[in-house]
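Enquirer: Just data-v4.txt, nothing more (compact mmCIF, C-alpha atoms):
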# COMPACT_ATOMS: atom_id res chain seq x y z
CA MET U 807 -7.01 5.11 42.24
CA PRO U 808 -7.88 7.66 44.98
CA PHE U 809 -10.44 6.54 47.52
CA GLY U 810 -12.94 9.23 46.49
CA ILE U 811 -12.94 8.01 42.89
CA ASN U 812 -13.21 4.42 44.08
CA GLU U 813 -16.28 5.30 46.10
CA THR U 814 -17.82 7.17 43.18
CA MET U 815 -17.30 4.25 40.82
CA GLY U 816 -18.82 1.97 43.44
CA GLN U 817 -21.89 4.19 43.58
CA TYR U 818 -22.17 4.14 39.79
CA SER U 819 -21.94 0.37 39.91
CA GLU U 820 -24.81 0.13 42.37
CA LEU U 821 -26.90 2.44 40.19
CA PHE U 822 -26.21 0.33 37.12
CA MET U 823 -27.10 -2.83 39.04
CA LEU U 824 -30.42 -1.28 40.13
CA LEU U 825 -31.26 -0.20 36.57
CA ALA U 826 -30.31 -3.63 35.23
CA ALA U 827 -32.51 -5.38 37.80
CA GLY U 828 -35.44 -3.18 36.79
CA THR U 829 -34.90 -3.86 33.10
CA TYR U 830 -34.57 -7.60 33.73
CA THR U 831 -37.90 -7.44 35.57
CA VAL U 832 -39.64 -5.87 32.57
CA ALA U 833 -38.01 -8.49 30.31
CA PHE U 834 -39.27 -11.22 32.64
CA ILE U 835 -42.81 -9.86 32.31
CA ALA U 836 -42.45 -9.78 28.51
CA PHE U 837 -41.25 -13.41 28.41
CA ALA U 838 -44.17 -14.43 30.64
CA TRP U 839 -46.54 -12.47 28.40
CA ASP U 840 -45.18 -14.33 25.37
CA LEU U 841 -45.82 -17.70 27.02
CA ALA U 842 -49.36 -16.71 28.02
CA LYS U 843 -50.25 -15.19 24.65
CA SER U 844 -48.80 -18.07 22.67
CA SER U 845 -50.54 -20.65 24.84
CA LYS U 846 -53.86 -18.89 24.36
CA ALA U 847 -53.38 -18.78 20.59
CA LEU U 848 -52.51 -22.49 20.50
CA ARG U 849 -55.67 -23.36 22.43
CA ALA U 850 -57.75 -21.28 20.02
CA VAL U 851 -56.30 -23.12 17.01
CA ASP U 852 -56.93 -26.46 18.73
CA ALA U 853 -60.53 -25.49 19.39
CA LYS U 854 -61.08 -24.67 15.72
CA ALA U 855 -59.43 -27.93 14.72
CA ALA U 856 -61.65 -29.89 17.10
CA GLN U 857 -64.76 -28.28 15.62
CA ALA U 858 -63.57 -29.12 12.13
CA GLY U 859 -62.67 -32.64 13.17
CA THR U 860 -59.14 -32.32 11.82
CA THR U 861 -55.64 -32.13 13.19
CA ALA U 862 -54.50 -28.55 12.91
CA LYS U 863 -51.15 -27.29 11.85
CA VAL U 864 -50.04 -24.47 14.13
CA PRO U 865 -46.77 -22.60 14.37
CA VAL U 866 -44.33 -23.64 17.06
CA ALA U 867 -44.47 -20.13 18.42
CA ALA U 868 -48.00 -18.90 18.49
CA GLY U 869 -49.16 -15.34 18.61
CA VAL U 870 -50.15 -15.51 14.96
CA GLY U 871 -53.26 -16.91 13.46
CA ALA U 872 -53.40 -20.23 11.67
CA GLY U 873 -51.85 -19.94 8.27
CA SER U 874 -50.11 -16.63 8.94
CA ALA U 875 -46.52 -16.51 7.94
CA GLY U 876 -45.59 -12.99 8.75
CA GLY U 877 -42.03 -11.82 9.38
CA ARG U 878 -38.91 -13.89 9.66
CA LEU U 879 -36.83 -14.04 12.79
CA ASP U 880 -33.08 -13.73 12.74
CA GLY U 881 -31.37 -17.09 12.63
CA PRO U 882 -32.23 -20.37 10.92
CA ALA U 883 -35.75 -20.61 9.61
CA ASP U 884 -36.05 -24.25 8.72
CA ARG U 885 -38.45 -25.07 11.56
CA ALA U 886 -41.80 -24.70 9.90
CA GLU U 887 -44.93 -26.04 11.50
CA ARG U 888 -45.80 -28.84 13.84
CA PRO U 889 -49.11 -30.59 14.57
CA SER U 890 -51.34 -29.39 17.33
CA SER U 891 -50.68 -31.26 20.57
CA SER U 892 -54.25 -32.31 21.17
CA ALA U 893 -54.87 -35.77 22.51
CA LYS U 894 -55.72 -36.96 18.99
CA ALA U 895 -52.53 -35.66 17.46
CA GLY U 896 -49.80 -38.15 16.89
CA GLY U 897 -46.25 -37.34 17.83
CA ALA U 898 -43.19 -39.34 17.13
CA GLY U 899 -41.60 -40.53 20.27
CA THR U 900 -43.85 -38.55 22.56
CA GLY U 901 -46.81 -40.80 23.05
CA GLY U 902 -49.11 -38.53 21.08
CA VAL U 903 -47.82 -35.36 22.73
CA VAL U 904 -46.26 -33.02 20.22
CA THR U 905 -43.97 -30.31 21.53
CA ALA U 906 -41.71 -27.68 20.01
CA ASP U 907 -39.05 -28.69 17.54
CA GLY U 908 -36.28 -30.65 19.22
CA ASP U 909 -33.69 -28.94 17.03
CA MET U 910 -34.69 -25.62 18.63
CA LYS U 911 -34.38 -23.74 15.34
CA TYR U 912 -36.08 -20.42 14.72
CA ALA U 913 -39.52 -20.53 13.15
CA THR U 914 -40.70 -18.16 10.45
CA GLU U 915 -43.54 -16.58 12.41
CA ARG U 916 -43.19 -13.31 14.27
CA ARG U 917 -43.57 -13.36 18.07
CA VAL U 918 -43.57 -9.71 19.12
CA PRO U 919 -43.55 -10.25 22.92
CA ALA U 920 -40.61 -12.65 22.63
CA ARG U 921 -38.65 -10.25 20.44
CA VAL U 922 -39.33 -7.40 22.85
CA ALA U 923 -38.28 -9.60 25.77
CA VAL U 924 -34.98 -10.50 24.09
CA ALA U 925 -34.30 -6.84 23.27
CA LEU U 926 -34.96 -5.85 26.88
CA THR U 927 -32.70 -8.65 28.11
CA ILE U 928 -29.91 -7.40 25.85
CA LEU U 929 -30.37 -3.87 27.20
CA ALA U 930 -30.38 -5.16 30.78
CA ALA U 931 -27.22 -7.19 30.14
CA VAL U 932 -25.44 -4.12 28.73
CA ILE U 933 -26.38 -2.08 31.80
CA HIS U 934 -25.46 -5.02 34.03
CA GLY U 935 -22.08 -5.28 32.30
CA ALA U 936 -21.50 -1.58 32.95
CA GLY U 937 -22.21 -2.25 36.63
CA VAL U 938 -19.66 -5.06 36.71
CA VAL U 939 -17.03 -2.94 34.93
CA THR U 940 -17.51 0.10 37.18
CA ARG U 941 -17.28 -2.18 40.22
CA ALA U 942 -13.97 -3.46 38.87
CA LEU U 943 -12.71 0.08 38.26
CA GLY U 944 -13.78 1.16 41.71
CA ALA U 945 -12.07 -1.80 43.36
CA GLY U 946 -9.01 -1.63 41.12
CA ARG U 947 -9.16 -5.38 40.45
CA VAL U 948 -11.34 -8.10 38.96
CA PRO U 949 -14.88 -7.88 40.36
CA TRP U 950 -15.22 -11.25 42.05
CA GLY U 951 -13.38 -10.89 45.35
CA ASN U 952 -16.39 -11.50 47.63
CA MET U 953 -19.84 -13.05 47.55
CA TYR U 954 -21.57 -9.87 46.33
CA GLU U 955 -19.21 -9.56 43.39
CA PHE U 956 -19.24 -13.28 42.62
CA LEU U 957 -23.04 -13.28 42.51
CA THR U 958 -23.46 -10.12 40.42
CA THR U 959 -20.77 -11.22 37.96
CA GLY U 960 -22.26 -14.72 37.86
CA ALA U 961 -25.72 -13.30 37.12
CA PHE U 962 -24.23 -11.26 34.28
CA LEU U 963 -22.61 -14.36 32.80
CA VAL U 964 -25.88 -16.30 33.05
CA ALA U 965 -27.62 -13.60 31.01
CA ALA U 966 -24.70 -13.30 28.58
CA VAL U 967 -24.48 -17.06 27.93
CA PHE U 968 -28.25 -17.22 27.43
CA LEU U 969 -28.16 -14.36 24.91
CA LEU U 970 -25.20 -15.83 23.04
CA SER U 971 -27.04 -19.16 22.85
CA LEU U 972 -29.95 -17.41 21.13
CA ILE U 973 -27.73 -16.74 18.12
CA ARG U 974 -27.78 -20.43 17.18
CA ARG U 975 -30.76 -21.89 19.05
CA ASP U 976 -34.27 -20.69 19.76
CA LEU U 977 -34.10 -20.92 23.54
CA ARG U 978 -36.57 -18.13 24.20
CA PHE U 979 -38.78 -20.63 26.00
CA LEU U 980 -36.10 -20.48 28.73
CA GLY U 981 -36.36 -16.71 29.00
CA THR U 982 -38.85 -16.57 31.86
CA PHE U 983 -36.87 -19.04 33.93
CA VAL U 984 -33.36 -17.78 33.16
CA VAL U 985 -34.20 -14.10 33.60
CA GLY U 986 -36.11 -15.01 36.77
CA LEU U 987 -32.98 -16.70 38.16
CA VAL U 988 -30.88 -13.66 37.21
CA ILE U 989 -33.27 -11.40 39.11
CA ILE U 990 -33.14 -13.68 42.15
CA MET U 991 -29.33 -13.64 42.05
CA MET U 992 -29.18 -9.86 41.84
CA VAL U 993 -31.72 -9.36 44.62
CA ALA U 994 -29.83 -11.83 46.84
CA ALA U 995 -26.56 -10.03 46.11
CA SER U 996 -28.00 -6.63 47.01
CA VAL U 997 -30.05 -7.71 50.04
CA ALA U 998 -28.05 -10.51 51.67
CA PHE U 999 -24.48 -10.15 50.43
CA TRP U 1000 -23.90 -6.48 49.67
CA THR U 1001 -20.32 -5.41 50.39
CA PRO U 1002 -18.80 -1.95 49.82
CA VAL U 1003 -15.88 -1.54 47.45
CA GLY U 1004 -12.69 -2.50 49.25
CA HIS U 1005 -9.34 -4.18 49.03
CA LEU U 1006 -8.84 -7.92 49.04
CA VAL U 1007 -7.49 -9.94 51.94
CA PRO U 1008 -3.84 -10.99 51.36
CA ALA U 1009 -4.75 -14.58 50.41
CA LEU U 1010 -6.75 -13.28 47.41
CA GLN U 1011 -4.13 -10.85 46.13
CA SER U 1012 -2.87 -13.17 43.43
CA TYR U 1013 -3.20 -13.65 39.69
CA TRP U 1014 -4.79 -16.99 40.54
CA LEU U 1015 -7.90 -15.04 41.53
CA VAL U 1016 -8.40 -14.17 37.87
CA ILE U 1017 -7.81 -17.75 36.69
CA HIS U 1018 -9.46 -19.83 39.42
CA VAL U 1019 -12.52 -17.74 40.23
CA SER U 1020 -13.31 -16.66 36.66
CA ILE U 1021 -13.60 -20.31 35.60
CA ALA U 1022 -15.70 -21.05 38.70
CA VAL U 1023 -18.07 -18.17 37.88
CA LEU U 1024 -18.48 -19.27 34.26
CA SER U 1025 -19.02 -22.91 35.24
CA SER U 1026 -21.61 -21.87 37.83
CA ALA U 1027 -23.40 -19.80 35.18
CA LEU U 1028 -23.59 -22.84 32.89
CA PHE U 1029 -24.84 -24.99 35.77
CA THR U 1030 -27.57 -22.39 36.33
CA LEU U 1031 -28.76 -22.79 32.74
CA THR U 1032 -28.81 -26.59 32.99
CA PHE U 1033 -30.71 -26.33 36.28
CA ALA U 1034 -33.45 -24.38 34.48
CA MET U 1035 -33.48 -26.94 31.66
CA SER U 1036 -33.64 -29.88 34.07
CA ALA U 1037 -36.54 -28.31 35.97
CA LEU U 1038 -38.38 -27.75 32.69
CA GLN U 1039 -37.58 -31.32 31.67
CA LEU U 1040 -39.35 -32.65 34.76
CA VAL U 1041 -42.40 -30.49 34.09
CA GLN U 1042 -42.46 -31.43 30.40
CA SER U 1043 -42.05 -35.15 31.17
CA HIS U 1044 -44.98 -35.04 33.60
CA ARG U 1045 -47.08 -33.14 31.06
CA GLN U 1046 -46.31 -35.59 28.25
CA LYS U 1047 -47.30 -38.55 30.44
CA THR U 1048 -50.49 -36.82 31.56
CA VAL U 1049 -51.61 -35.94 28.04
CA ALA U 1050 -50.74 -39.41 26.75
CA THR U 1051 -52.78 -40.98 29.56
CA ASP U 1052 -55.96 -38.93 29.80
CA GLY U 1053 -55.66 -36.48 26.92
CA LYS U 1054 -55.82 -33.40 29.16
CA ASP U 1055 -53.22 -30.70 28.74
CA LYS U 1056 -53.30 -28.37 31.74
CA LEU U 1057 -49.91 -26.78 30.94
CA GLY U 1058 -50.54 -25.40 27.50
CA PHE U 1059 -47.62 -22.99 27.62
CA MET U 1060 -45.26 -25.97 27.79
CA ARG U 1061 -46.11 -26.70 24.16
CA LEU U 1062 -43.65 -23.93 23.30
CA VAL U 1063 -40.95 -25.95 25.05
CA PRO U 1064 -39.14 -28.83 23.30
CA SER U 1065 -39.72 -32.39 24.42
CA ALA U 1066 -38.24 -33.68 27.67
CA LEU U 1067 -35.72 -35.71 25.66
CA SER U 1068 -34.52 -32.64 23.71
CA LEU U 1069 -34.12 -30.68 26.95
CA GLU U 1070 -32.22 -33.56 28.51
CA ASN U 1071 -29.83 -33.86 25.57
CA LEU U 1072 -29.01 -30.15 25.52
CA SER U 1073 -28.65 -30.06 29.31
CA TYR U 1074 -26.28 -33.01 29.16
CA ARG U 1075 -24.03 -31.31 26.60
CA ILE U 1076 -23.88 -28.05 28.55
CA ASN U 1077 -23.25 -29.92 31.81
CA ALA U 1078 -20.33 -31.71 30.14
CA ILE U 1079 -18.76 -28.35 29.24
CA ALA U 1080 -19.44 -26.91 32.70
CA PHE U 1081 -17.96 -30.03 34.31
CA ILE U 1082 -14.71 -29.50 32.43
CA GLY U 1083 -14.65 -25.93 33.73
CA TRP U 1084 -15.33 -27.13 37.27
CA THR U 1085 -12.50 -29.65 36.96
CA PHE U 1086 -10.11 -26.82 36.12
CA THR U 1087 -11.59 -24.84 39.04
CA LEU U 1088 -10.67 -27.70 41.38
CA MET U 1089 -7.20 -28.12 39.89
CA PHE U 1090 -6.29 -24.43 39.84
CA GLY U 1091 -7.68 -24.04 43.37
CA ALA U 1092 -5.29 -26.74 44.56
CA ILE U 1093 -2.35 -25.05 42.85
CA TRP U 1094 -3.32 -21.71 44.36
CA ALA U 1095 -3.65 -23.32 47.80
CA GLU U 1096 -0.10 -24.69 47.52
CA LYS U 1097 1.26 -21.26 46.68
CA ALA U 1098 -0.76 -19.50 49.40
CA TRP U 1099 -0.68 -22.04 52.24
CA GLY U 1100 2.02 -24.53 51.29
CA ARG U 1101 -0.26 -27.51 50.59
CA PHE U 1102 -2.44 -28.65 47.70
CA TRP U 1103 -5.24 -30.07 49.84
CA GLY U 1104 -6.16 -29.52 53.46
CA TRP U 1105 -9.76 -30.74 53.79
CA ASP U 1106 -11.01 -27.21 54.33
CA THR U 1107 -14.83 -27.09 54.14
CA LYS U 1108 -14.80 -25.09 50.92
CA GLU U 1109 -12.36 -27.51 49.32
CA VAL U 1110 -14.45 -30.48 50.37
CA TRP U 1111 -17.67 -29.07 48.91
CA THR U 1112 -15.97 -28.05 45.69
CA PHE U 1113 -14.94 -31.70 45.38
CA VAL U 1114 -18.45 -32.89 46.32
CA ILE U 1115 -19.88 -30.82 43.45
CA TRP U 1116 -17.31 -32.35 41.10
CA VAL U 1117 -18.25 -35.88 42.25
CA VAL U 1118 -22.00 -35.27 41.81
CA TYR U 1119 -21.66 -33.95 38.26
CA ALA U 1120 -19.11 -36.67 37.42
CA GLY U 1121 -21.65 -39.22 38.65
CA TYR U 1122 -24.35 -37.54 36.55
CA LEU U 1123 -22.25 -37.66 33.37
CA HIS U 1124 -21.11 -41.24 34.01
CA ALA U 1125 -24.57 -42.54 34.94
CA ARG U 1126 -26.21 -41.03 31.88
CA ALA U 1127 -23.47 -42.00 29.43
CA THR U 1128 -22.77 -45.56 30.57
CA ARG U 1129 -25.48 -46.72 32.96
CA GLY U 1130 -28.58 -45.61 31.11
CA TRP U 1131 -29.66 -43.02 33.66
CA THR U 1132 -31.91 -40.99 31.42
CA GLY U 1133 -35.19 -39.17 31.85
CA THR U 1134 -36.26 -37.91 35.25
CA ARG U 1135 -33.39 -39.62 37.10
CA ALA U 1136 -30.83 -37.68 35.07
CA ALA U 1137 -32.78 -34.44 35.59
CA TRP U 1138 -32.95 -34.92 39.35
CA LEU U 1139 -29.22 -35.69 39.55
CA SER U 1140 -28.46 -32.49 37.62
CA ILE U 1141 -30.69 -30.54 40.01
CA VAL U 1142 -28.97 -32.11 43.03
CA GLY U 1143 -25.63 -30.98 41.61
CA TYR U 1144 -26.86 -27.40 41.33
CA LEU U 1145 -28.27 -27.50 44.85
CA CYS U 1146 -24.77 -28.48 45.99
CA VAL U 1147 -23.43 -25.41 44.16
CA ILE U 1148 -25.95 -23.22 45.99
CA PHE U 1149 -25.11 -24.83 49.34
CA ASN U 1150 -21.40 -24.31 48.70
CA PHE U 1151 -21.91 -20.66 47.86
CA THR U 1152 -24.35 -19.74 50.64
CA ILE U 1153 -24.15 -22.04 53.67
CA VAL U 1154 -20.47 -22.96 53.41
CA ASN U 1155 -19.38 -19.37 52.76
CA THR U 1156 -21.42 -17.86 55.59
CA LEU U 1157 -21.66 -20.47 58.36
CA PHE U 1158 -18.44 -22.49 58.18
CA ASN U 1159 -15.12 -21.12 59.35
CA GLY U 1160 -12.01 -21.96 57.40
CA LEU U 1161 -9.24 -20.64 55.21
CA HIS U 1162 -11.85 -19.60 52.64
CA SER U 1163 -13.80 -17.39 55.06
CA TYR U 1164 -13.46 -14.18 53.08
CA SER U 1165 -17.01 -13.71 51.85
CA GLY U 1166 -16.82 -10.01 52.66
CA LEU U 1167 -19.84 -10.11 55.00
What's the structure tokens form of this structure?
Expert:
Amino acid sequence: MPFGINETMGQYSELFMLLAAGTYTVAFIAFAWDLAKSSKALRAVDAKAAQAGTTAKVPVAAGVGAGSAGGRLDGPADRAERPSSSAKAGGAGTGGVVTADGDMKYATERRVPARVAVALTILAAVIHGAGVVTRALGAGRVPWGNMYEFLTTGAFLVAAVFLLSLIRRDLRFLGTFVVGLVIIMMVAASVAFWTPVGHLVPALQSYWLVIHVSIAVLSSALFTLTFAMSALQLVQSHRQKTVATDGKDKLGFMRLVPSALSLENLSYRINAIAFIGWTFTLMFGAIWAEKAWGRFWGWDTKEVWTFVIWVVYAGYLHARATRGWTGTRAAWLSIVGYLCVIFNFTIVNTLFNGLHSYSGL
């Protein structure tokens, strides 16, 4: 493709990325609005229940009055109502703290801000996808040859996986946190790691770029989702203990979030899938290294940290499955694994010299 067309496609890509970031920002505000509005409605229902001296039944997703059953959301609708999470309310397995349905099924009530937020996220992801595609067309290759492209493509996959998950599970409670992470990734890509459209260094001009890096990007996107879940798990666990102890619930919006145990179980399953992907990333990277440099392993800094990430998540899966590391310990270990991913992508790529020093900066 002529250079002039390449440059034009690169400019289109940057425009799409800017529009996507703006749309994600509006979606983030809508998700936050949903949490605030729902939390306020839940408190109002609790107040009425306290005055009546009864335990109220309120929808999992507030925003509707008690007893309203308007509209049906797309997806399963077998999650009906749950008790109010006041200190007097009993909750199985939660020490009196009742949270959203652990099955994460869609409720029957209509939450307008959440629906708007999801629609905006879909629109942003479509625009974002156009930015990734035009970047690929401008570069004449897959769009993950440097840190800017890896981050923007990774952010797109985070949003895409989140939206695909919404088909089967009501994970809209993650919207604020996931979309917030996507915005941070896109801002970091544009501010710290922006790189003009260009050709790859010889070491990257291989079909292994498609295989090795695509799996790494997808695995990193899944790790990003589990990071958000683990962080929410810690907050939810602290909230449940606080309410069970003194009956005060200072984080009302967390009542829209499933219990800490439900978050932990889902995070564990997604981490298991991402770990398999990261294992293939490590294996295919070694094969690519043998073809490019004549050896499978050379203790290059990037190779070492890729292995460190694998060891941390392997330890997480092993400790939780066989050693009883559940609860906050499992959440912290998952978070440590993601911090290793961030360190590998930022510090290792920018400050350490080695055979993988082709960040494009």
Enquirer: Name the closest residue to Leu1024 in chain U among the candidates U:Thr927, U:Ser1068, U:Asn1150, U:Thr1087; distances are taken between atoms, counting only C-alpha atoms.
Expert: U:Thr1087
Enquirer: Let me make sure I understand: among U:Ile835, U:Val932, U:Leu957, U:Val938, which one has the smallest atom-to-atom distance to Ala920 in chain U if we use only C-alpha atoms?
Expert: U:Ile835
Enquirer: Ranking U:Phe956, U:Phe1102, U:Phe962, U:Phe834 by minimum distance to Phe1151 in chain U and counting only C-alpha atoms, which one comes first?
Expert: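 Closest residue, counting only C-alpha atoms: U:Phe956.
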Enquirer: For Leu1123 in chain U, find every residue with an atom within 10 Å (counting only C-alpha atoms), except residues of its own chain fewer than 2 positions away, and show them as a PyMOL selection string.
Expert: chain U and resi 1074-1075+1077-1078+1081+1117-1121+1125-1129+1131+1136+1139-1140
Enquirer: Print the selection's residues with C-alpha atoms to a file, as a PDB file, in the frame of the given file.
Expert:
ATOM      1  CA  TYR U1074     -26.280 -33.010  29.160  1.00  0.00           C
ATOM      2  CA  ARG U1075     -24.030 -31.310  26.600  1.00  0.00           C
ATOM      3  CA  ASN U1077     -23.250 -29.920  31.810  1.00  0.00           C
ATOM      4  CA  ALA U1078     -20.330 -31.710  30.140  1.00  0.00           C
ATOM      5  CA  PHE U1081     -17.960 -30.030  34.310  1.00  0.00           C
ATOM      6  CA  VAL U1117     -18.250 -35.880  42.250  1.00  0.00           C
ATOM      7  CA  VAL U1118     -22.000 -35.270  41.810  1.00  0.00           C
ATOM      8  CA  TYR U1119     -21.660 -33.950  38.260  1.00  0.00           C
ATOM      9  CA  ALA U1120     -19.110 -36.670  37.420  1.00  0.00           C
ATOM     10  CA  GLY U1121     -21.650 -39.220  38.650  1.00  0.00           C
ATOM     11  CA  ALA U1125     -24.570 -42.540  34.940  1.00  0.00           C
ATOM     12  CA  ARG U1126     -26.210 -41.030  31.880  1.00  0.00           C
ATOM     13  CA  ALA U1127     -23.470 -42.000  29.430  1.00  0.00           C
ATOM     14  CA  THR U1128     -22.770 -45.560  30.570  1.00  0.00           C
ATOM     15  CA  ARG U1129     -25.480 -46.720  32.960  1.00  0.00           C
ATOM     16  CA  TRP U1131     -29.660 -43.020  33.660  1.00  0.00           C
ATOM     17  CA  ALA U1136     -30.830 -37.680  35.070  1.00  0.00           C
ATOM     18  CA  LEU U1139     -29.220 -35.690  39.550  1.00  0.00           C
ATOM     19  CA  SER U1140     -28.460 -32.490  37.620  1.00  0.00           C
TER      20      SER U1140
END
Enquirer: I want to know what sits within 8 Å of Val1003 in chain U, based on all atoms listed in the file, with residues of the same chain fewer than 5 positions away left out; could you give that as an mmCIF file with C-alpha atoms, in the coordinates of the input?
Expert:
data_model
loop_
_atom_site.group_PDB
_atom_site.id
_atom_site.type_symbol
_atom_site.label_atom_id
_atom_site.label_comp_id
_atom_site.auth_asym_id
_atom_site.auth_seq_id
_atom_site.Cartn_x
_atom_site.Cartn_y
_atom_site.Cartn_z
ATOM 1 C CA ASN U 812 -13.210 4.420 44.080
ATOM 2 C CA GLU U 813 -16.280 5.300 46.100
ATOM 3 C CA GLY U 816 -18.820 1.970 43.440
ATOM 4 C CA ARG U 941 -17.280 -2.180 40.220
ATOM 5 C CA GLY U 944 -13.780 1.160 41.710
ATOM 6 C CA ALA U 945 -12.070 -1.800 43.360
#
Enquirer: Determine the axis-aligned bounding box of all atoms of range 975-994 of chain U present in the file, pad each side by 6 Å, and express its centre and edge lengths in Å to one decimal place as AutoDock Vina command-line options.
Expert:
--center_x -34.0 --center_y -15.6 --center_z 32.9 --size_x 21.7 --size_y 24.5 --size_z 39.8
Enquirer: Residues within 9 Å of Gly946 in chain U, please, as a ChimeraX atom specification. Count all atoms listed in the file; anything in the same chain fewer than 2 positions from it doesn't count.
Expert: /U:807,812,941-944,948-949,1004-1005
Enquirer: Need the neighbours of (-3.8, -18.2, 40.1): which residues are at most 12 Å away, counting all atoms listed in the file, as a list in words?
Expert: Ala1009, Leu1010, Gln1011, Ser1012, Tyr1013, Trp1014, Leu1015, Val1016, Ile1017, His1018, Val1019, Ser1020, Ile1021, Phe1086, Thr1087, Leu1088, Met1089, Phe1090, Gly1091, Ala1092, Ile1093, Trp1094, Ala1095, Glu1096, Lys1097 and Ala1098 of chain U
Enquirer: Quick one: pull the distance between CA of Lys911 in chain U and CA of Ser1025 in chain U, Å, one decimal.
Expert: 25.2 Å
Enquirer: Compare U:Phe837, U:Arg1045, U:Trp1105, U:Leu1062 by their minimum atom-to-atom distance to Thr982 in chain U, counting only C-alpha atoms, and give me the closest one.
Expert: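 Smallest distance to Thr982 in chain U is found for U:Phe837.
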Enquirer: From the set U:His934, U:Lys854, U:Ala847, U:Val918, which residue has the shortest atom-to-atom contact distance to Leu824 in chain U, counting all atoms listed in the file?
Expert: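 Smallest distance to Leu824 in chain U is found for U:His934.
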Enquirer: What is the CA of Ile1076 in chain U to CA of Gln1042 in chain U distance in Å?
Expert: 19.0 Å
